[in-house]
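A.B. asks: Next comes data.pdb, PDB, C-alpha atoms:
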ATOM      1  CA  MET A   1     118.953  55.600 136.602  1.00  0.00           C
ATOM      2  CA  SER A   2     115.693  57.528 136.929  1.00  0.00           C
ATOM      3  CA  ILE A   3     112.793  57.614 134.483  1.00  0.00           C
ATOM      4  CA  GLU A   4     111.605  61.083 133.595  1.00  0.00           C
ATOM      5  CA  THR A   5     107.889  61.788 134.031  1.00  0.00           C
ATOM      6  CA  ASP A   6     106.121  63.037 130.906  1.00  0.00           C
ATOM      7  CA  SER A   7     104.792  66.560 131.032  1.00  0.00           C
ATOM      8  CA  PRO A   8     101.039  67.145 131.348  1.00  0.00           C
ATOM      9  CA  GLU A   9     101.034  68.370 127.729  1.00  0.00           C
ATOM     10  CA  THR A  10     102.664  65.141 126.483  1.00  0.00           C
ATOM     11  CA  LEU A  11     100.213  63.023 128.465  1.00  0.00           C
ATOM     12  CA  ALA A  12      97.282  65.015 127.112  1.00  0.00           C
ATOM     13  CA  ARG A  13      98.488  64.595 123.511  1.00  0.00           C
ATOM     14  CA  HIS A  14      98.897  60.869 124.070  1.00  0.00           C
ATOM     15  CA  SER A  15      95.381  60.552 125.517  1.00  0.00           C
ATOM     16  CA  ALA A  16      93.897  62.463 122.583  1.00  0.00           C
ATOM     17  CA  LYS A  17      95.789  60.310 120.086  1.00  0.00           C
ATOM     18  CA  MET A  18      94.654  57.074 121.723  1.00  0.00           C
ATOM     19  CA  ALA A  19      91.050  58.342 121.899  1.00  0.00           C
ATOM     20  CA  LYS A  20      91.097  58.932 118.126  1.00  0.00           C
ATOM     21  CA  LYS A  21      92.539  55.464 117.552  1.00  0.00           C
ATOM     22  CA  LYS A  22      89.864  53.892 119.744  1.00  0.00           C
ATOM     23  CA  ALA A  23      87.083  55.733 117.941  1.00  0.00           C
ATOM     24  CA  ALA A  24      88.417  54.594 114.567  1.00  0.00           C
ATOM     25  CA  ARG A  25      88.783  51.033 115.797  1.00  0.00           C
ATOM     26  CA  ASP A  26      85.301  50.992 117.294  1.00  0.00           C
ATOM     27  CA  LYS A  27      83.891  52.216 113.976  1.00  0.00           C
ATOM     28  CA  ILE A  28      85.618  49.375 112.122  1.00  0.00           C
ATOM     29  CA  MET A  29      84.469  46.766 114.634  1.00  0.00           C
ATOM     30  CA  ALA A  30      80.871  48.007 114.502  1.00  0.00           C
ATOM     31  CA  GLY A  31      80.676  46.765 110.919  1.00  0.00           C
ATOM     32  CA  LYS A  32      82.033  43.290 111.749  1.00  0.00           C
ATOM     33  CA  SER A  33      79.092  41.271 113.009  1.00  0.00           C
ATOM     34  CA  GLY A  34      79.199  38.133 110.849  1.00  0.00           C
ATOM     35  CA  GLU A  35      80.445  34.712 111.935  1.00  0.00           C
ATOM     36  CA  LYS A  36      81.375  31.654 109.873  1.00  0.00           C
ATOM     37  CA  GLY A  37      83.452  28.543 110.069  1.00  0.00           C
ATOM     38  CA  LEU A  38      86.875  29.439 108.734  1.00  0.00           C
ATOM     39  CA  ILE A  39      89.380  27.601 106.582  1.00  0.00           C
ATOM     40  CA  ILE A  40      92.711  28.497 108.208  1.00  0.00           C
ATOM     41  CA  VAL A  41      96.162  27.797 106.757  1.00  0.00           C
ATOM     42  CA  HIS A  42      99.472  27.975 108.631  1.00  0.00           C
ATOM     43  CA  THR A  43     102.367  27.576 106.225  1.00  0.00           C
ATOM     44  CA  GLY A  44     105.892  28.790 105.484  1.00  0.00           C
ATOM     45  CA  PRO A  45     109.436  27.613 106.345  1.00  0.00           C
ATOM     46  CA  GLY A  46     109.482  29.033 109.865  1.00  0.00           C
ATOM     47  CA  LYS A  47     108.722  27.236 113.115  1.00  0.00           C
ATOM     48  CA  GLY A  48     105.326  27.602 114.756  1.00  0.00           C
ATOM     49  CA  LYS A  49     102.764  26.282 112.284  1.00  0.00           C
ATOM     50  CA  SER A  50     101.613  23.292 114.312  1.00  0.00           C
ATOM     51  CA  SER A  51     102.183  25.175 117.576  1.00  0.00           C
ATOM     52  CA  SER A  52      99.760  27.868 116.450  1.00  0.00           C
ATOM     53  CA  GLY A  53      97.205  25.260 115.427  1.00  0.00           C
ATOM     54  CA  PHE A  54      97.406  23.592 118.828  1.00  0.00           C
ATOM     55  CA  GLY A  55      97.036  26.995 120.468  1.00  0.00           C
ATOM     56  CA  MET A  56      93.697  27.346 118.659  1.00  0.00           C
ATOM     57  CA  ILE A  57      92.677  23.878 119.820  1.00  0.00           C
ATOM     58  CA  LEU A  58      93.390  24.900 123.420  1.00  0.00           C
ATOM     59  CA  ARG A  59      91.259  28.007 122.961  1.00  0.00           C
ATOM     60  CA  CYS A  60      88.375  25.810 121.801  1.00  0.00           C
ATOM     61  CA  ILE A  61      88.806  23.599 124.850  1.00  0.00           C
ATOM     62  CA  ALA A  62      88.829  26.644 127.130  1.00  0.00           C
ATOM     63  CA  HIS A  63      85.477  27.686 125.629  1.00  0.00           C
ATOM     64  CA  GLY A  64      84.055  24.176 126.059  1.00  0.00           C
ATOM     65  CA  MET A  65      83.943  23.673 122.278  1.00  0.00           C
ATOM     66  CA  PRO A  66      84.383  20.087 121.006  1.00  0.00           C
ATOM     67  CA  CYS A  67      87.357  19.816 118.654  1.00  0.00           C
ATOM     68  CA  ALA A  68      89.629  17.252 117.035  1.00  0.00           C
ATOM     69  CA  VAL A  69      93.179  16.747 115.755  1.00  0.00           C
ATOM     70  CA  VAL A  70      94.338  14.555 112.886  1.00  0.00           C
ATOM     71  CA  GLN A  71      98.121  14.292 112.489  1.00  0.00           C
ATOM     72  CA  PHE A  72      99.203  13.307 108.988  1.00  0.00           C
ATOM     73  CA  ILE A  73     102.996  13.043 109.309  1.00  0.00           C
ATOM     74  CA  LYS A  74     104.134  13.311 112.920  1.00  0.00           C
ATOM     75  CA  GLY A  75     101.732  10.704 114.232  1.00  0.00           C
ATOM     76  CA  ALA A  76     104.558   8.387 115.276  1.00  0.00           C
ATOM     77  CA  TRP A  77     106.058  11.020 117.593  1.00  0.00           C
ATOM     78  CA  ASP A  78     105.408  11.147 121.327  1.00  0.00           C
ATOM     79  CA  THR A  79     104.672  14.854 121.594  1.00  0.00           C
ATOM     80  CA  GLY A  80     103.798  17.065 124.540  1.00  0.00           C
ATOM     81  CA  GLU A  81     100.613  18.306 122.893  1.00  0.00           C
ATOM     82  CA  ARG A  82      99.440  14.750 122.258  1.00  0.00           C
ATOM     83  CA  ARG A  83     100.017  13.793 125.905  1.00  0.00           C
ATOM     84  CA  LEU A  84      98.312  16.921 127.198  1.00  0.00           C
ATOM     85  CA  LEU A  85      95.216  16.584 125.053  1.00  0.00           C
ATOM     86  CA  THR A  86      94.684  12.833 125.375  1.00  0.00           C
ATOM     87  CA  GLU A  87      95.401  12.649 129.104  1.00  0.00           C
ATOM     88  CA  ASN A  88      93.520  15.759 130.208  1.00  0.00           C
ATOM     89  CA  PHE A  89      90.985  16.835 127.588  1.00  0.00           C
ATOM     90  CA  GLY A  90      89.870  13.635 125.876  1.00  0.00           C
ATOM     91  CA  ASP A  91      86.255  14.500 126.620  1.00  0.00           C
ATOM     92  CA  LEU A  92      86.448  17.621 124.443  1.00  0.00           C
ATOM     93  CA  CYS A  93      89.235  16.880 121.959  1.00  0.00           C
ATOM     94  CA  GLN A  94      89.619  13.774 119.847  1.00  0.00           C
ATOM     95  CA  PHE A  95      93.237  13.075 118.873  1.00  0.00           C
ATOM     96  CA  HIS A  96      94.071  10.818 115.924  1.00  0.00           C
ATOM     97  CA  ALA A  97      97.759  10.239 115.154  1.00  0.00           C
ATOM     98  CA  MET A  98      97.547   8.782 111.644  1.00  0.00           C
ATOM     99  CA  GLY A  99     101.017   9.456 110.248  1.00  0.00           C
ATOM    100  CA  GLU A 100     104.027   7.167 110.506  1.00  0.00           C
ATOM    101  CA  GLY A 101     106.821   9.708 110.240  1.00  0.00           C
ATOM    102  CA  PHE A 102     108.449  11.707 107.462  1.00  0.00           C
ATOM    103  CA  THR A 103     108.875  10.061 104.069  1.00  0.00           C
ATOM    104  CA  TRP A 104     112.634   9.727 104.501  1.00  0.00           C
ATOM    105  CA  GLU A 105     111.968   7.720 107.661  1.00  0.00           C
ATOM    106  CA  THR A 106     109.397   5.282 106.282  1.00  0.00           C
ATOM    107  CA  GLN A 107     111.052   5.029 102.833  1.00  0.00           C
ATOM    108  CA  ASP A 108     107.852   3.438 101.585  1.00  0.00           C
ATOM    109  CA  ARG A 109     105.643   5.634  99.390  1.00  0.00           C
ATOM    110  CA  GLU A 110     102.735   3.194  99.254  1.00  0.00           C
ATOM    111  CA  ARG A 111     102.696   2.995 103.037  1.00  0.00           C
ATOM    112  CA  ASP A 112     102.811   6.805 103.300  1.00  0.00           C
ATOM    113  CA  ILE A 113      99.921   7.149 100.852  1.00  0.00           C
ATOM    114  CA  ALA A 114      97.858   4.582 102.754  1.00  0.00           C
ATOM    115  CA  ALA A 115      98.463   6.391 106.047  1.00  0.00           C
ATOM    116  CA  ALA A 116      97.539   9.749 104.494  1.00  0.00           C
ATOM    117  CA  ARG A 117      94.362   8.318 102.985  1.00  0.00           C
ATOM    118  CA  ALA A 118      93.348   6.830 106.339  1.00  0.00           C
ATOM    119  CA  GLY A 119      94.005  10.195 107.961  1.00  0.00           C
ATOM    120  CA  TRP A 120      91.888  11.998 105.363  1.00  0.00           C
ATOM    121  CA  GLU A 121      88.984   9.565 105.791  1.00  0.00           C
ATOM    122  CA  LYS A 122      89.072  10.194 109.550  1.00  0.00           C
ATOM    123  CA  ALA A 123      89.316  13.955 108.930  1.00  0.00           C
ATOM    124  CA  LYS A 124      86.218  13.905 106.717  1.00  0.00           C
ATOM    125  CA  GLU A 125      84.291  11.991 109.368  1.00  0.00           C
ATOM    126  CA  LEU A 126      85.243  14.546 112.033  1.00  0.00           C
ATOM    127  CA  ILE A 127      84.579  17.593 109.862  1.00  0.00           C
ATOM    128  CA  ARG A 128      81.130  16.296 108.896  1.00  0.00           C
ATOM    129  CA  ASP A 129      80.145  16.102 112.577  1.00  0.00           C
ATOM    130  CA  PRO A 130      78.380  19.433 113.282  1.00  0.00           C
ATOM    131  CA  GLU A 131      79.063  19.071 117.014  1.00  0.00           C
ATOM    132  CA  ILE A 132      82.823  19.427 116.439  1.00  0.00           C
ATOM    133  CA  ARG A 133      83.666  23.112 116.137  1.00  0.00           C
ATOM    134  CA  MET A 134      87.295  22.897 115.018  1.00  0.00           C
ATOM    135  CA  VAL A 135      89.389  20.232 113.286  1.00  0.00           C
ATOM    136  CA  LEU A 136      93.173  20.615 113.087  1.00  0.00           C
ATOM    137  CA  LEU A 137      94.725  18.804 110.111  1.00  0.00           C
ATOM    138  CA  ASP A 138      98.325  18.862 111.265  1.00  0.00           C
ATOM    139  CA  GLU A 139     100.944  18.653 108.467  1.00  0.00           C
ATOM    140  CA  ILE A 140      98.340  17.902 105.799  1.00  0.00           C
ATOM    141  CA  ASN A 141     100.135  20.344 103.493  1.00  0.00           C
ATOM    142  CA  ILE A 142     103.078  17.953 103.358  1.00  0.00           C
ATOM    143  CA  ALA A 143     100.794  15.069 102.401  1.00  0.00           C
ATOM    144  CA  LEU A 144      99.316  17.260  99.666  1.00  0.00           C
ATOM    145  CA  ARG A 145     102.725  18.395  98.442  1.00  0.00           C
ATOM    146  CA  TYR A 146     103.919  14.793  97.980  1.00  0.00           C
ATOM    147  CA  ASP A 147     100.636  13.861  96.252  1.00  0.00           C
ATOM    148  CA  TYR A 148      99.648  11.429  98.992  1.00  0.00           C
ATOM    149  CA  LEU A 149      96.257  13.149  98.809  1.00  0.00           C
ATOM    150  CA  ASP A 150      94.445  14.747  95.886  1.00  0.00           C
ATOM    151  CA  LEU A 151      94.301  18.526  96.331  1.00  0.00           C
ATOM    152  CA  ASP A 152      91.110  18.952  94.296  1.00  0.00           C
ATOM    153  CA  GLU A 153      89.364  16.320  96.406  1.00  0.00           C
ATOM    154  CA  VAL A 154      90.335  18.124  99.619  1.00  0.00           C
ATOM    155  CA  LEU A 155      89.239  21.517  98.289  1.00  0.00           C
ATOM    156  CA  ASP A 156      85.934  20.175  96.946  1.00  0.00           C
ATOM    157  CA  PHE A 157      85.163  18.558 100.287  1.00  0.00           C
ATOM    158  CA  LEU A 158      85.911  21.737 102.242  1.00  0.00           C
ATOM    159  CA  ARG A 159      83.737  23.782  99.895  1.00  0.00           C
ATOM    160  CA  GLU A 160      80.813  21.389  99.669  1.00  0.00           C
ATOM    161  CA  GLU A 161      80.658  19.368 102.891  1.00  0.00           C
ATOM    162  CA  LYS A 162      82.213  21.395 105.709  1.00  0.00           C
ATOM    163  CA  PRO A 163      79.440  22.562 108.057  1.00  0.00           C
ATOM    164  CA  ALA A 164      78.944  26.307 107.970  1.00  0.00           C
ATOM    165  CA  MET A 165      80.240  26.947 111.511  1.00  0.00           C
ATOM    166  CA  THR A 166      83.120  24.464 111.591  1.00  0.00           C
ATOM    167  CA  HIS A 167      86.682  25.790 111.568  1.00  0.00           C
ATOM    168  CA  VAL A 168      89.320  23.692 109.771  1.00  0.00           C
ATOM    169  CA  VAL A 169      93.021  24.419 110.322  1.00  0.00           C
ATOM    170  CA  LEU A 170      95.560  23.053 107.826  1.00  0.00           C
ATOM    171  CA  THR A 171      99.255  23.235 108.716  1.00  0.00           C
ATOM    172  CA  GLY A 172     102.550  22.472 106.998  1.00  0.00           C
ATOM    173  CA  ARG A 173     104.993  24.260 104.758  1.00  0.00           C
ATOM    174  CA  ASN A 174     104.504  24.754 101.008  1.00  0.00           C
ATOM    175  CA  ALA A 175     100.730  25.131 101.075  1.00  0.00           C
ATOM    176  CA  ALA A 176      99.303  24.923  97.560  1.00  0.00           C
ATOM    177  CA  GLU A 177      98.274  28.190  95.929  1.00  0.00           C
ATOM    178  CA  ALA A 178      94.760  26.851  95.365  1.00  0.00           C
ATOM    179  CA  LEU A 179      94.429  26.103  99.080  1.00  0.00           C
ATOM    180  CA  ILE A 180      95.693  29.564  99.977  1.00  0.00           C
ATOM    181  CA  GLU A 181      93.154  31.062  97.601  1.00  0.00           C
ATOM    182  CA  ALA A 182      90.314  29.034  99.119  1.00  0.00           C
ATOM    183  CA  ALA A 183      91.256  29.837 102.726  1.00  0.00           C
ATOM    184  CA  ASP A 184      89.750  32.606 104.857  1.00  0.00           C
ATOM    185  CA  LEU A 185      92.854  33.107 107.013  1.00  0.00           C
ATOM    186  CA  VAL A 186      96.436  32.410 105.924  1.00  0.00           C
ATOM    187  CA  THR A 187      99.586  32.946 107.983  1.00  0.00           C
ATOM    188  CA  GLU A 188     103.076  32.361 106.620  1.00  0.00           C
ATOM    189  CA  MET A 189     105.769  31.638 109.208  1.00  0.00           C
ATOM    190  CA  THR A 190     109.094  33.156 108.148  1.00  0.00           C
ATOM    191  CA  LEU A 191     112.358  31.515 109.164  1.00  0.00           C
ATOM    192  CA  VAL A 192     114.778  34.110 110.558  1.00  0.00           C
ATOM    193  CA  LYS A 193     116.960  31.957 112.794  1.00  0.00           C
ATOM    194  CA  HIS A 194     116.831  28.339 113.987  1.00  0.00           C
ATOM    195  CA  PRO A 195     119.074  26.521 116.497  1.00  0.00           C
ATOM    196  CA  PHE A 196     119.159  23.402 114.294  1.00  0.00           C
ATOM    197  CA  ARG A 197     121.540  25.252 111.985  1.00  0.00           C
ATOM    198  CA  SER A 198     123.908  25.700 114.912  1.00  0.00           C
ATOM    199  CA  GLY A 199     123.952  22.012 115.747  1.00  0.00           C
ATOM    200  CA  ILE A 200     121.180  22.056 118.375  1.00  0.00           C
ATOM    201  CA  LYS A 201     118.783  19.139 118.136  1.00  0.00           C
ATOM    202  CA  GLY A 202     115.025  19.354 118.622  1.00  0.00           C
ATOM    203  CA  GLN A 203     114.207  19.614 122.317  1.00  0.00           C
ATOM    204  CA  ALA A 204     111.210  18.646 124.439  1.00  0.00           C
ATOM    205  CA  GLY A 205     108.976  21.616 125.178  1.00  0.00           C
ATOM    206  CA  VAL A 206     110.208  23.512 122.128  1.00  0.00           C
ATOM    207  CA  GLU A 207     109.962  21.136 119.174  1.00  0.00           C
ATOM    208  CA  PHE A 208     107.684  18.410 120.525  1.00  0.00           C
TER     209      PHE A 208
END
In structure tokens, write the structure found in this file.
C.D. replies:
Amino acid sequence: MSIETDSPETLARHSAKMAKKKAARDKIMAGKSGEKGLIIVHTGPGKGKSSSGFGMILRCIAHGMPCAVVQFIKGAWDTGERRLLTENFGDLCQFHAMGEGFTWETQDRERDIAAARAGWEKAKELIRDPEIRMVLLDEINIALRYDYLDLDEVLDFLREEKPAMTHVVLTGRNAAEALIEAADLVTEMTLVKHPFRSGIKGQAGVEF
């Protein structure tokens, strides 16, 4: 099977179209010069919320930017990202696994609340440190949903005490509307298809 070569006229039209797009894009970008520490939310029923947050952490590490992770629910898991960060990038990324598993695993609400509170106290300490450029609060939305943490307290802290250039990433499904409203960047992961529904368990390298 051969691939036909576009005619000179088609190539010229394509070049002209792309030139117009570039000019329009350059004009838009010329007006975007500001920088600030962002409040970033990854939520929704689809897979990829924590994965995206850890991708941002790796970007920070690649730029030599100090960063930190606080895990609110999955702290009891032995995950690939935890191994990678603690064993190879401990000088740039602090990793604090504060959770003890999902609520149906612990079956102890008081214990879950205590773990969430300890995680939040550590998170506040890390966020207040102006040397740390990004803090990932992994699965904090679940802790907020189950009222392990007070939403107003979290929002007030982010508004009033977060250093101006610090990015804070909050992951987990069912993010509160007030948190979404306060955030600068919100992404909702949509579930289209998942192997779990076909009887496939979570697998290393994909789920953890």
A.B. asks: Tell me, in Å to one decimal, how far atom CA of Arg197 of chain A is from atom CA of Lys49 of chain A.
C.D. replies: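 It comes out at 18.8 Å.
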A.B. asks: Give me the segment 147-172 of chain A side of the contact with segment 116-136 of chain A, cut-off 9 Å, one line per residue showing its nearest atom pair and distance in Å at one decimal, counting only C-alpha atoms, sorted by chain and residue number, as a Markdown table.
C.D. replies:
| residue | atom | partner | partner_atom | distance |
| --- | --- | --- | --- | --- |
| A:Tyr148 | CA | A:Ala116 | CA | 6.1 |
| A:Leu149 | CA | A:Arg117 | CA | 6.7 |
| A:Val154 | CA | A:Trp120 | CA | 8.5 |
| A:Phe157 | CA | A:Lys124 | CA | 8.0 |
| A:Leu158 | CA | A:Ile127 | CA | 8.8 |
| A:Glu161 | CA | A:Arg128 | CA | 6.8 |
| A:Lys162 | CA | A:Ile127 | CA | 6.1 |
| A:Pro163 | CA | A:Pro130 | CA | 6.2 |
| A:Ala164 | CA | A:Pro130 | CA | 8.7 |
| A:Met165 | CA | A:Arg133 | CA | 6.9 |
| A:Thr166 | CA | A:Arg133 | CA | 4.8 |
| A:His167 | CA | A:Met134 | CA | 4.5 |
| A:Val168 | CA | A:Val135 | CA | 4.9 |
| A:Val169 | CA | A:Leu136 | CA | 4.7 |
| A:Leu170 | CA | A:Leu136 | CA | 6.3 |
| A:Thr171 | CA | A:Leu136 | CA | 7.9 |
A.B. asks: Suppose you want the space between atom CA of Gly205 of chain A and atom CA of Ser51 of chain A; what is it in Å?
C.D. replies: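 Distance between the two atoms: 10.8 Å.
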A.B. asks: Just the number, please: distance in Å from atom CA of Glu160 of chain A to atom CA of Ala182 of chain A, one decimal.
C.D. replies: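 These two atoms are separated by 12.2 Å.
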A.B. asks: Determine, using all atoms listed in the file, which residues of segment 51-96 of chain A have any atom at most 12 Å from an atom of segment 20-44 of chain A, and tabulate each with its shortest atom pair and distance in Å to one decimal place, rows ordered by chain and then rising number, as a tab-separated table.
C.D. replies:
residue	atom	partner	partner_atom	distance
A:Ser51	CA	A:His42	CA	9.8
A:Ser52	CA	A:His42	CA	7.8
A:Gly53	CA	A:His42	CA	7.7
A:Phe54	CA	A:His42	CA	11.3
A:Met56	CA	A:Ile40	CA	10.6
A.B. asks: Which residue gives the smallest distance to Arg145 of chain A among A:Ala115, A:Leu11, A:Ala176, A:Cys93, with all atoms listed in the file counted?
C.D. replies: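 Between A:Ala115, A:Leu11, A:Ala176, A:Cys93, the residue approaching Arg145 of chain A most closely is A:Ala176.
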A.B. asks: Applying 12 Å and only C-alpha atoms, which residues near segment 80-90 of chain A remain after dropping the ones on its own chain fewer than 6 positions away? List them as a PyMOL selection string.
C.D. replies: chain A and resi 50-55+57-58+60-62+64-71+74+96-97+138+203-208
A.B. asks: Have a look at A:Ser7, A:Ser15, A:Ile180, A:Thr79 and name the one nearest to Gly202 of chain A; count all atoms listed in the file.
C.D. replies: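 Distance minimum relative to Gly202 of chain A lands on A:Thr79.
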A.B. asks: Which one is closest to Phe95 of chain A: A:Tyr146, A:Pro195, A:Ala12, A:Phe72? Count all atoms listed in the file.
C.D. replies: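 For Phe95 of chain A, the nearest of the candidates is A:Phe72.
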